[in-house]
Each structure stands twice: as C-alpha cells, then as structure tokens.
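Q: Below you will find the structure I want to go over with you.
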Number of protein chains: 2
Amino acid sequence: MDDAKKDDARKGSAVPPVVVDAMGGDHAPAEPVAGALTAVREHGVPVVLVGKATQVKEELKRHGGLGEVPVVHAEEALAMHEGALAGWRRPRSSIAVACWLVRRRAAGALVSAGSTGGVVATARLRLRGQQGVLRPAIAAVLPTRPRPTVVLDVGATADVKPEMLVQFAALGSAYAQIAFGVDRPRVGLLTIGGEPGKGNKLARRAQELFADNPDFAGNVEGNELLDGRVDVIVTDGFTGNILLKGIEGASSRQRTGPTEQGAALLGVAGTVVVCHGSADGPDIASGIALAARLHREGVIPAVAGLADDLLTELSSAGGLTIRDALGERS
Amino acid sequence: MDDAKKDDARKGSAVPPVVVDAMGGDHAPAEPVAGALTAVREHGVPVVLVGKATQVKEELKRHGGLGEVPVVHAEEALAMHEGALAGWRRPRSSIAVACWLVRRRAAGALVSAGSTGGVVATARLRLRGQQGVLRPAIAAVLPTRPRPTVVLDVGATADVKPEMLVQFAALGSAYAQIAFGVDRPRVGLLTIGGEPGKGNKLARRAQELFADNPDFAGNVEGNELLDGRVDVIVTDGFTGNILLKGIEGASSRQRTGPTEQGAALLGVAGTVVVCHGSADGPDIASGIALAARLHREGVIPAVAGLADDLLTELSSAGGLTIRDALGERS
C-alpha cells in the first residue's frame, strides 16, 4: 500500500482502540473479556469492551482487571441463534454500539465472536457496505506454503449470485496483495470437478464470468484447499463455511488447520474481524491483534480502493459488466 | 433385511460378476484393470471388464492376466471432463454398456471411477431411477465411532430442491439400517450455524420440511462431520463433495479420512459404486468388494423398499407431502 494511505490511517491522536463485543460468542462475556485483557496486557493493544456493564465489570474483576479496560455499556445483546433480522432491529445491541464507535472513529476496528449473521448484517447497516460491492465476504487465511491462501466467503453471504463471486475474487485479490504482499494473486473457483464446466449452476455461470479474467487459474476442488496452488479461492458463504469448519474438525488433532485468529470482513466500510462462536480467550486476543494490525496498516480502505480498481479494469476490458448488470447498488 | 429378499438377490445360477468400467478414471484403463485383477485374484470376486478391448487386453497382458478376466468391448468412452450430456448421448460408451449388462442381469453390480456426472446420468437413464425418487445421491460412509456415518449426497446431484434433501434422508436412513444395522438412524442436516433457522435458503426450507420428522436430530456443522453424533448427514451434492474432498485432503497425512472404497449410488434401480477419478488399483479393488457385498446382500433393492416405506409414512403422517408437491415423477 502507498504511504499516503498509511498516513491517512494513522491520522488522529494516539492509536485508537480495538472495540470488542463483550456479549458475542458461546462463552460471552467470559472469553471476550479474558481475550481483551490478554490483548492489553501481553500485546499492548488498547481495547474497549462493549456490553452489559455489570456483567463485563464482574468478569474484569475476576481477572483482577477492573479499570484496565474501558467499558461502554450496551443494553442489549444478540443471542447466538439470532441472525440478520435481529441485527437490523437492535440499535442498542453490543455489536450495534461497537459499530457506532468505529463509525465515529472512537475505535479503529471491531472484533466479535457473536452470531455471524447478526454481526455481518449490523456491520453492513451501521458501517455501510463498500460502494459498488453487492455483498460482503469473510476472508479466512489458510497457512499454506510458501504463501498463505485467502479463502472467501466463509460465512457472510450464504446465498450468492455468480456476479458476487467475481466481486469476492477482486476483494480477495486485493487483500492478498495488501495484507500479504502477494504480487498478482492467482484466483481459483471452488467447485466439484477440476475440469471447466463442472459444478452446480452457480459455479458454472461463475466460470463463464471468470473466463476473461487473466488472473483466473481455474477450478479448485475441496482436497486442493491446502495445496497453495492458487492465492485466492472464491466460493459462496455456505460452502466456504462448511468446508473451513470441516477441515478444522479433521485437523483439530494436529492443529495444522486454518488460522484461529479470526477473519476479516471485506466489503464494508470499516475494519471488522469475526471470530468463531466457540473462540476462547487466546483466540479472541489473536483476533484483536489481527484487527489492530489491519487498522494500523490501513488494510481495509486500501483493499476497498484496489478491489474497485480491479473491477473497473475488468469492466472496461469488456469481459465483465458486473455493474451494468446489477446497477451501482452499494 | 429379510430372507426372502436375500433369496431374490441370489436367484440365478452362480454369483454374477461385478462389471468394471475399464475406461473410467484419471488413470484408465491401467488402474481399473489392475483393480479388477486384484479383486479376482485376492478377493475371489468374479469381474467383467468393459472398454476398448485392445487397450484393456494390453493392460491385462502387462499383469500376466490375459484370459483371467472376461472383456466386453465398448467402442466409446466418456472423458473425465464430460458430464451428464455425454452420458445421455453415448449409448456405446463403456459405462453405458456396463449399465446394460446390469440391466440384463448379466452382471450384479457396476463399478466406475469415471466422470461422476457422466456415470450418474448414464445410470439414471439406462438403469432407471427408483420410482418416486426425484434425484439419486451418492452415499459416502465415514469411519466414525461407535458406528459409521452415512453422508449423502457427495456428488450425484449438484443442484437440489429442499424436497430432495428429505428424500436423501430416507435413502440414507434406509442404507444405514440395511447395510450397517443401525437401528432407527438419527438424521442431521449439514448447514452453517447449529441453531434452527441457520443456513442458506435451501437449508432453511429443508429445516421446515424436517420439522415433523421424528428422526431429525437438527443441524450439523462442517466440523461435526466426524463426531458420530448422528447416523446420517444430508446435503446437496455440491457441498457434500467439496466437504468430503476437503476432509480427505486435510487428513491425507494420517489416513483417518473417509473410507476410500468408493461409495454407493442410491436412488437408481441397480447396484452402482462410484470411485474417485484418482482411484488406484487397490481403491478400485476395494470398490469392487463393496459392490459385490452390496449385491450379495441385496442391499440396494432393500434400501429402495425401506426408503419408500419411510417416505410414505412421513407423507401419511401429514408432515410431508413430497409426492403431492412434486408429483409421482420417477
């Protein structure tokens, strides 16, 4: 990324804190609070906790950390079974308040282990979607060699249209370039059967759209996820989530599975890191570290800019008319 | 299964052979021929090979097995990149001829490592689909403890309707009962998020259809595939294939992944075992052993009968009107 953008990202006084949704996750507020304290104490990352103040302070006290982390009160919380609807309807939920802090630049980034559907919907509504991007995507980073592999979407958008997969490819490529320094990332489409034309209707139509994309490296099958053959793998959020969790389940014994530090939400105007519902304190702390790094380096706005360039380039090359087809909805 | 059906299955003279598609697979005819010879020599299973006779005999010769396995000539073969269309259009392909042998009862079962789309389409056309079953499903068997888990569909039907998932559940339950002696199998739906209402549109609608099914045990996430919490996991063939291959890829080092012996195709009127395109000789031999066992025990007709009973039961309980909704298409 260029230095101007870095400077932009650093504007303001001291380093702004990462806001942590204390009420999000299967073990909230215990694990988010434990993770926040670890981030503050061991990684030196400034953090703000948002949630039911009494409960959050009780947890801080248990760790002898009362006063170490500022607490912003939020009256409500989304339950783990609640999805997008609840996200839209609860302006006072911990995740909504956390988004508001990011929007107001009182915080630099947001971390939540809450209901993914609720977090994504709230972030889209309150931080706004990125201009021209139809739906956001969660980008998981797999520890492949020699370079990591970015897989998206792993859970933000369960039902996608083929055009959204092309946008996910642009977002993923921009993320691989900016966050991991991959020069000209190669993009693969997750499907069944390696040969062109294989897959379900969605994948087959996406292959047609990708045909003119010079960075498209073809189809990728489920067993090739950890091969490192491509830099970016695109899929819908339903398939991506199931595959990622399947691989985590299968490799849990050896712990060589995907990174456990949470994953960035791409396509919204703000830095959001989503953690597993089952995230424990160290997982949350590692998600906070990722969020702090993404904010410090101005990754999310840079990704937005570069993805926009990539999509414009494809459009003007005539190969793709995503925006013509779908309008300039934001 | 009852003895009458077993007797039915054994009618005729000697044990009928398993027909092997010699031209199917990434390494055909070498690996299918090697697998056929192993099955004959080591497992004592009678086999017939179908394919381009000159090529198949050449391979048999290389293994000193000329004359050990009968060869039926087929002029054409489906390439690995060819799908359903080619399956319908090639009455002289090795897989079409193999189906014909099963249909005529010259063979008891069929094994192919060819293009899954082509094999499934050919089998549906030439063996006929099971009456009342909208689409077939491939049932993989995971080596979970204390009992195996049947996962379907893992690749036969990439685009499904919610009603098909209910049918897959009936087929999978019947298979778990008949092939593995599981009493009253518990069924889970593969989706994202364990809570009711989570998933894409397909999974959410399927959850509504499953609501009245007493054997439905709720949602299963990708990381729970190897937990053994349920006996049958249903999903569409796109997601199932990607997840299964993902888990195989992740666990290839430790070889604790899914069984490598091929998987039964359920919902067609005949015994068909589908192997990986990359199957080697031992994999094919193990697929042949599975096919021989399924035929010997009359599993496929028994599964058809029991699945039909299960669907009728659900229909008459008023909870589901799959057939009313979709007609009695076969």
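Each chain in the structure tokens gets a letter, A, B, ..., in the order shown, and its residues are numbered from 1; ligands are numbered from 1 in order too.
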Considering only C-alpha atoms, tabulate each residue of region 162-270 of chain A that lies at most 10 Å from region 152-164 of chain B along with its nearest interatomic pair and the corresponding distance in Å to one decimal; arrange the rows by chain and ascending residue number and present them as a tab-separated table.
A:
```
residue	atom	partner	partner_atom	distance
A:Thr191	CA	B:Ala158	CA	9.9
A:Ile192	CA	B:Gly155	CA	7.7
A:Gly193	CA	B:Gly155	CA	9.6
A:Lys198	CA	B:Ala158	CA	9.6
A:Gly199	CA	B:Ala158	CA	6.7
A:Asn200	CA	B:Ala158	CA	4.9
A:Lys201	CA	B:Asp159	CA	6.9
A:Leu202	CA	B:Asp159	CA	9.0
```
Q: Export all heavy atoms of the chosen residues as a PDB file, in the first residue's frame?
A:
```pdb
ATOM      1  N   THR A 191     -15.117 -25.670  -6.663  1.00  0.00           N
ATOM      2  CA  THR A 191     -16.235 -26.386  -7.274  1.00  0.00           C
ATOM      3  C   THR A 191     -15.976 -27.877  -7.210  1.00  0.00           C
ATOM      4  O   THR A 191     -15.021 -28.326  -6.568  1.00  0.00           O
ATOM      5  CB  THR A 191     -16.489 -25.899  -8.717  1.00  0.00           C
ATOM      6  OG1 THR A 191     -17.664 -26.543  -9.234  1.00  0.00           O
ATOM      7  CG2 THR A 191     -15.327 -26.183  -9.630  1.00  0.00           C
ATOM      8  N   ILE A 192     -16.849 -28.661  -7.842  1.00  0.00           N
ATOM      9  CA  ILE A 192     -16.643 -30.110  -7.892  1.00  0.00           C
ATOM     10  C   ILE A 192     -16.211 -30.449  -9.305  1.00  0.00           C
ATOM     11  O   ILE A 192     -16.808 -30.034 -10.277  1.00  0.00           O
ATOM     12  CB  ILE A 192     -17.903 -30.887  -7.469  1.00  0.00           C
ATOM     13  CG1 ILE A 192     -19.122 -30.591  -8.340  1.00  0.00           C
ATOM     14  CG2 ILE A 192     -18.265 -30.519  -6.036  1.00  0.00           C
ATOM     15  CD1 ILE A 192     -20.350 -31.422  -7.980  1.00  0.00           C
ATOM     16  N   GLY A 193     -15.110 -31.171  -9.406  1.00  0.00           N
ATOM     17  CA  GLY A 193     -14.550 -31.479 -10.721  1.00  0.00           C
ATOM     18  C   GLY A 193     -13.584 -30.386 -11.124  1.00  0.00           C
ATOM     19  O   GLY A 193     -13.912 -29.199 -11.077  1.00  0.00           O
ATOM     20  N   LYS A 198     -17.572 -27.884 -14.819  1.00  0.00           N
ATOM     21  CA  LYS A 198     -18.040 -28.736 -13.727  1.00  0.00           C
ATOM     22  C   LYS A 198     -18.577 -27.895 -12.567  1.00  0.00           C
ATOM     23  O   LYS A 198     -18.079 -26.816 -12.299  1.00  0.00           O
ATOM     24  CB  LYS A 198     -16.886 -29.617 -13.211  1.00  0.00           C
ATOM     25  CG  LYS A 198     -16.421 -30.685 -14.197  1.00  0.00           C
ATOM     26  CD  LYS A 198     -17.410 -31.828 -14.330  1.00  0.00           C
ATOM     27  CE  LYS A 198     -16.905 -32.915 -15.260  1.00  0.00           C
ATOM     28  NZ  LYS A 198     -16.004 -33.866 -14.622  1.00  0.00           N
ATOM     29  N   GLY A 199     -19.579 -28.400 -11.886  1.00  0.00           N
ATOM     30  CA  GLY A 199     -20.089 -27.717 -10.707  1.00  0.00           C
ATOM     31  C   GLY A 199     -21.596 -27.594 -10.713  1.00  0.00           C
ATOM     32  O   GLY A 199     -22.277 -28.187 -11.550  1.00  0.00           O
ATOM     33  N   ASN A 200     -22.112 -26.818  -9.770  1.00  0.00           N
ATOM     34  CA  ASN A 200     -23.546 -26.536  -9.775  1.00  0.00           C
ATOM     35  C   ASN A 200     -23.804 -25.322 -10.682  1.00  0.00           C
ATOM     36  O   ASN A 200     -22.884 -24.786 -11.296  1.00  0.00           O
ATOM     37  CB  ASN A 200     -24.073 -26.332  -8.345  1.00  0.00           C
ATOM     38  CG  ASN A 200     -23.365 -25.198  -7.621  1.00  0.00           C
ATOM     39  OD1 ASN A 200     -22.551 -24.496  -8.217  1.00  0.00           O
ATOM     40  ND2 ASN A 200     -23.679 -25.018  -6.357  1.00  0.00           N
ATOM     41  N   LYS A 201     -25.062 -24.905 -10.779  1.00  0.00           N
ATOM     42  CA  LYS A 201     -25.397 -23.806 -11.689  1.00  0.00           C
ATOM     43  C   LYS A 201     -24.589 -22.553 -11.369  1.00  0.00           C
ATOM     44  O   LYS A 201     -24.081 -21.874 -12.260  1.00  0.00           O
ATOM     45  CB  LYS A 201     -26.893 -23.469 -11.570  1.00  0.00           C
ATOM     46  CG  LYS A 201     -27.770 -24.421 -12.334  1.00  0.00           C
ATOM     47  CD  LYS A 201     -29.250 -24.060 -12.141  1.00  0.00           C
ATOM     48  CE  LYS A 201     -30.136 -25.251 -12.471  1.00  0.00           C
ATOM     49  NZ  LYS A 201     -31.487 -25.132 -11.914  1.00  0.00           N
ATOM     50  N   LEU A 202     -24.486 -22.250 -10.072  1.00  0.00           N
ATOM     51  CA  LEU A 202     -23.749 -21.066  -9.635  1.00  0.00           C
ATOM     52  C   LEU A 202     -22.300 -21.117 -10.126  1.00  0.00           C
ATOM     53  O   LEU A 202     -21.790 -20.152 -10.710  1.00  0.00           O
ATOM     54  CB  LEU A 202     -23.783 -20.990  -8.098  1.00  0.00           C
ATOM     55  CG  LEU A 202     -22.897 -19.942  -7.445  1.00  0.00           C
ATOM     56  CD1 LEU A 202     -23.430 -18.545  -7.716  1.00  0.00           C
ATOM     57  CD2 LEU A 202     -22.808 -20.183  -5.929  1.00  0.00           C
TER      58      LEU A 202
END
```
Q: Give me the residues near Asn213 (chain B) as a VMD selection string, where near means some atom within 8 Å (using only C-alpha atoms) and where sequence neighbours in that chain fewer than 3 positions away do not count.
A: chain B and resid 209 to 210 216 314 319
Q: Would you please work out which residue, of A:Ala36, A:Val133, A:Leu165, A:Ala79, is nearest to chain B when using only C-alpha atoms?
A: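 Using only C-alpha atoms, chain B sits closest to A:Ala79.
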Q: Hey, list the chain B side of the contact with chain A: 6 Å cut-off, only C-alpha atoms, answer as a VMD selection string.
A: chain B and resid 81 158 to 159 195 200 222 to 223 239 242 to 243 245 to 247 249 to 250
Q: If you measure from CA of Ile178 (chain B) to CA of Leu310 (chain B), what distance in Å do you get, rounded to one decimal?
A: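 For CA of Ile178 (chain B) relative to CA of Leu310 (chain B), the distance reads 13.3 Å.
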Q: Quick one: residues within 6 Å of Leu189 (chain A), only C-alpha atoms, excluding same-chain residues fewer than 4 positions away - as a VMD selection string?
A: chain A and resid 219 to 220 233 to 234
Q: Rounded to one decimal, what separation in Å do you get between CA of Pro148 (chain B) and CA of Arg186 (chain B)?
A: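 Separation of CA of Pro148 (chain B) and CA of Arg186 (chain B): 12.0 Å.
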Q: Would you mind listing what lies within 6 Å of region 261-270 of chain B as a PDB file with C-alpha atoms, in the first residue's frame, with only C-alpha atoms counted and same-chain residues fewer than 2 positions away left out?
A:
```
ATOM      1  CA  LEU B 127     -30.881 -48.492 -15.134  1.00  0.00           C
ATOM      2  CA  ARG B 128     -33.825 -46.154 -14.457  1.00  0.00           C
ATOM      3  CA  GLY B 129     -34.291 -44.050 -11.366  1.00  0.00           C
ATOM      4  CA  GLN B 130     -36.012 -45.551  -8.357  1.00  0.00           C
ATOM      5  CA  PRO B 136     -30.105 -40.015  -6.987  1.00  0.00           C
ATOM      6  CA  ALA B 137     -27.491 -39.449  -4.292  1.00  0.00           C
ATOM      7  CA  ILE B 138     -24.035 -40.861  -3.657  1.00  0.00           C
ATOM      8  CA  ALA B 139     -23.684 -42.105  -0.089  1.00  0.00           C
ATOM      9  CA  ALA B 140     -20.209 -41.907   1.428  1.00  0.00           C
ATOM     10  CA  THR B 259     -13.289 -44.638   3.520  1.00  0.00           C
ATOM     11  CA  VAL B 272     -23.624 -48.899  -8.700  1.00  0.00           C
ATOM     12  CA  VAL B 273     -20.428 -47.986  -6.844  1.00  0.00           C
ATOM     13  CA  VAL B 274     -18.664 -44.763  -7.761  1.00  0.00           C
ATOM     14  CA  CYS B 275     -14.918 -44.410  -7.132  1.00  0.00           C
ATOM     15  CA  ASP B 283      -9.040 -48.372  -4.393  1.00  0.00           C
ATOM     16  CA  SER B 286     -11.980 -52.142  -2.679  1.00  0.00           C
ATOM     17  CA  GLY B 287     -14.831 -50.512  -4.634  1.00  0.00           C
TER      18      GLY B 287
END
```
Q: So that I can check the surroundings of region 118-122 of chain B, please list as a list in words every protein, DNA and RNA residue that reaches within 7 Å of it, counting only C-alpha atoms and ignoring chain neighbours fewer than 4 positions away.
A: Glu82, Gly83, Ala84, Ala86, Gly87, Trp88, Ile95, Ala96, Gly114, Arg126 and Ala156 of chain B
Q: Those residues with all heavy atoms, as a PDB file, in the first residue's frame please?
A:
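File written: selection.pdb
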```
ATOM      1  N   GLU B  82     -16.205 -34.830 -19.384  1.00  0.00           N
ATOM      2  CA  GLU B  82     -17.567 -34.895 -19.893  1.00  0.00           C
ATOM      3  C   GLU B  82     -18.559 -35.184 -18.773  1.00  0.00           C
ATOM      4  O   GLU B  82     -18.262 -35.935 -17.847  1.00  0.00           O
ATOM      5  CB  GLU B  82     -17.657 -35.959 -20.988  1.00  0.00           C
ATOM      6  CG  GLU B  82     -16.851 -35.559 -22.216  1.00  0.00           C
ATOM      7  CD  GLU B  82     -16.992 -36.550 -23.354  1.00  0.00           C
ATOM      8  OE1 GLU B  82     -16.691 -37.732 -23.148  1.00  0.00           O
ATOM      9  OE2 GLU B  82     -17.401 -36.126 -24.438  1.00  0.00           O
ATOM     10  N   GLY B  83     -19.720 -34.584 -18.888  1.00  0.00           N
ATOM     11  CA  GLY B  83     -20.706 -34.720 -17.825  1.00  0.00           C
ATOM     12  C   GLY B  83     -21.947 -35.447 -18.266  1.00  0.00           C
ATOM     13  O   GLY B  83     -21.887 -36.381 -19.081  1.00  0.00           O
ATOM     14  N   ALA B  84     -23.091 -34.993 -17.739  1.00  0.00           N
ATOM     15  CA  ALA B  84     -24.369 -35.664 -17.957  1.00  0.00           C
ATOM     16  C   ALA B  84     -24.737 -35.766 -19.445  1.00  0.00           C
ATOM     17  O   ALA B  84     -25.172 -36.808 -19.923  1.00  0.00           O
ATOM     18  CB  ALA B  84     -25.461 -34.928 -17.194  1.00  0.00           C
ATOM     19  N   ALA B  86     -22.962 -35.957 -22.177  1.00  0.00           N
ATOM     20  CA  ALA B  86     -22.245 -37.021 -22.868  1.00  0.00           C
ATOM     21  C   ALA B  86     -22.788 -38.380 -22.427  1.00  0.00           C
ATOM     22  O   ALA B  86     -22.892 -39.313 -23.231  1.00  0.00           O
ATOM     23  CB  ALA B  86     -20.751 -36.917 -22.579  1.00  0.00           C
ATOM     24  N   GLY B  87     -23.141 -38.481 -21.143  1.00  0.00           N
ATOM     25  CA  GLY B  87     -23.696 -39.725 -20.630  1.00  0.00           C
ATOM     26  C   GLY B  87     -24.954 -40.128 -21.392  1.00  0.00           C
ATOM     27  O   GLY B  87     -25.158 -41.296 -21.723  1.00  0.00           O
ATOM     28  N   TRP B  88     -25.800 -39.128 -21.670  1.00  0.00           N
ATOM     29  CA  TRP B  88     -27.050 -39.422 -22.369  1.00  0.00           C
ATOM     30  C   TRP B  88     -26.831 -39.760 -23.840  1.00  0.00           C
ATOM     31  O   TRP B  88     -27.566 -40.516 -24.432  1.00  0.00           O
ATOM     32  CB  TRP B  88     -28.000 -38.214 -22.259  1.00  0.00           C
ATOM     33  CG  TRP B  88     -28.524 -38.014 -20.866  1.00  0.00           C
ATOM     34  CD1 TRP B  88     -28.925 -38.997 -20.011  1.00  0.00           C
ATOM     35  CD2 TRP B  88     -28.719 -36.781 -20.176  1.00  0.00           C
ATOM     36  NE1 TRP B  88     -29.348 -38.443 -18.820  1.00  0.00           N
ATOM     37  CE2 TRP B  88     -29.240 -37.089 -18.894  1.00  0.00           C
ATOM     38  CE3 TRP B  88     -28.502 -35.442 -20.511  1.00  0.00           C
ATOM     39  CZ2 TRP B  88     -29.546 -36.109 -17.955  1.00  0.00           C
ATOM     40  CZ3 TRP B  88     -28.805 -34.460 -19.576  1.00  0.00           C
ATOM     41  CH2 TRP B  88     -29.318 -34.792 -18.308  1.00  0.00           C
ATOM     42  N   ILE B  95     -19.435 -47.068 -19.941  1.00  0.00           N
ATOM     43  CA  ILE B  95     -20.341 -47.020 -18.799  1.00  0.00           C
ATOM     44  C   ILE B  95     -21.767 -47.388 -19.229  1.00  0.00           C
ATOM     45  O   ILE B  95     -22.490 -48.075 -18.490  1.00  0.00           O
ATOM     46  CB  ILE B  95     -20.260 -45.642 -18.076  1.00  0.00           C
ATOM     47  CG1 ILE B  95     -21.199 -45.581 -16.873  1.00  0.00           C
ATOM     48  CG2 ILE B  95     -20.545 -44.482 -18.989  1.00  0.00           C
ATOM     49  CD1 ILE B  95     -20.744 -46.409 -15.727  1.00  0.00           C
ATOM     50  N   ALA B  96     -22.156 -47.000 -20.453  1.00  0.00           N
ATOM     51  CA  ALA B  96     -23.496 -47.368 -20.945  1.00  0.00           C
ATOM     52  C   ALA B  96     -23.595 -48.881 -21.129  1.00  0.00           C
ATOM     53  O   ALA B  96     -24.600 -49.506 -20.752  1.00  0.00           O
ATOM     54  CB  ALA B  96     -23.800 -46.647 -22.255  1.00  0.00           C
ATOM     55  N   GLY B 114     -15.122 -43.223 -13.403  1.00  0.00           N
ATOM     56  CA  GLY B 114     -15.238 -42.220 -14.456  1.00  0.00           C
ATOM     57  C   GLY B 114     -15.877 -40.935 -13.958  1.00  0.00           C
ATOM     58  O   GLY B 114     -16.225 -40.811 -12.786  1.00  0.00           O
ATOM     59  N   ARG B 126     -30.154 -45.510 -18.026  1.00  0.00           N
ATOM     60  CA  ARG B 126     -30.140 -46.894 -18.505  1.00  0.00           C
ATOM     61  C   ARG B 126     -30.564 -47.913 -17.454  1.00  0.00           C
ATOM     62  O   ARG B 126     -31.015 -49.003 -17.793  1.00  0.00           O
ATOM     63  CB  ARG B 126     -28.768 -47.236 -19.073  1.00  0.00           C
ATOM     64  CG  ARG B 126     -28.424 -46.274 -20.188  1.00  0.00           C
ATOM     65  CD  ARG B 126     -27.290 -46.627 -21.081  1.00  0.00           C
ATOM     66  NE  ARG B 126     -27.116 -45.507 -22.011  1.00  0.00           N
ATOM     67  CZ  ARG B 126     -27.820 -45.358 -23.133  1.00  0.00           C
ATOM     68  NH1 ARG B 126     -28.693 -46.255 -23.501  1.00  0.00           N
ATOM     69  NH2 ARG B 126     -27.629 -44.297 -23.898  1.00  0.00           N
ATOM     70  N   ALA B 156     -23.698 -36.643  -6.682  1.00  0.00           N
ATOM     71  CA  ALA B 156     -24.561 -37.054  -7.799  1.00  0.00           C
ATOM     72  C   ALA B 156     -25.413 -35.899  -8.310  1.00  0.00           C
ATOM     73  O   ALA B 156     -25.589 -35.734  -9.507  1.00  0.00           O
ATOM     74  CB  ALA B 156     -25.461 -38.214  -7.367  1.00  0.00           C
TER      75      ALA B 156
END
```
Q: Could you give me, as an MDAnalysis selection string, the residues within 10 Å of Phe180 (chain A), counting only C-alpha atoms and dropping anything in the same chain fewer than 4 positions from it?
A: chainID A and resid 141 147:150 174:176
Q: One number please: CA of Ala22 (chain B) to CA of Ile300 (chain B), in Å, one decimal.
A: 23.0 Å
Q: Could you give me, as a PyMOL selection string, each residue of region 107-299 of chain A that DSSP assigns to strand (DSSP E or B) when run on this structure's backbone?
A: chain A and resi 109-112+129+137-142+149-152+187-190+216-220+232-234+263-266+268+272-274
Q: Here is a test: counting only C-alpha atoms, which residue of A:Arg89, A:Lys52, A:His43, A:His73 is nearest to Ala292 (chain A)?
A: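 Comparing A:Arg89, A:Lys52, A:His43, A:His73 against Ala292 (chain A), the winner is A:His43.
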Q: Taking the chain letters and numbering used in this document, name the residues of region 2-211 of chain A that DSSP puts in alpha helix (DSSP H), as an MDAnalysis selection string.
A: chainID A and resid 3:10 30:43 53:62 84:89 94:103 116:127 162:180 201:210
Q: Residues near Val20 (chain A), anyone? I mean within 10 Å using only C-alpha atoms, not counting same-chain ones fewer than 5 positions away, as a VMD selection string.
A: chain A and resid 32 to 33 35 to 36 47 to 51 71 94 to 95 98 107 109 to 113 273 284 to 285 287 to 288
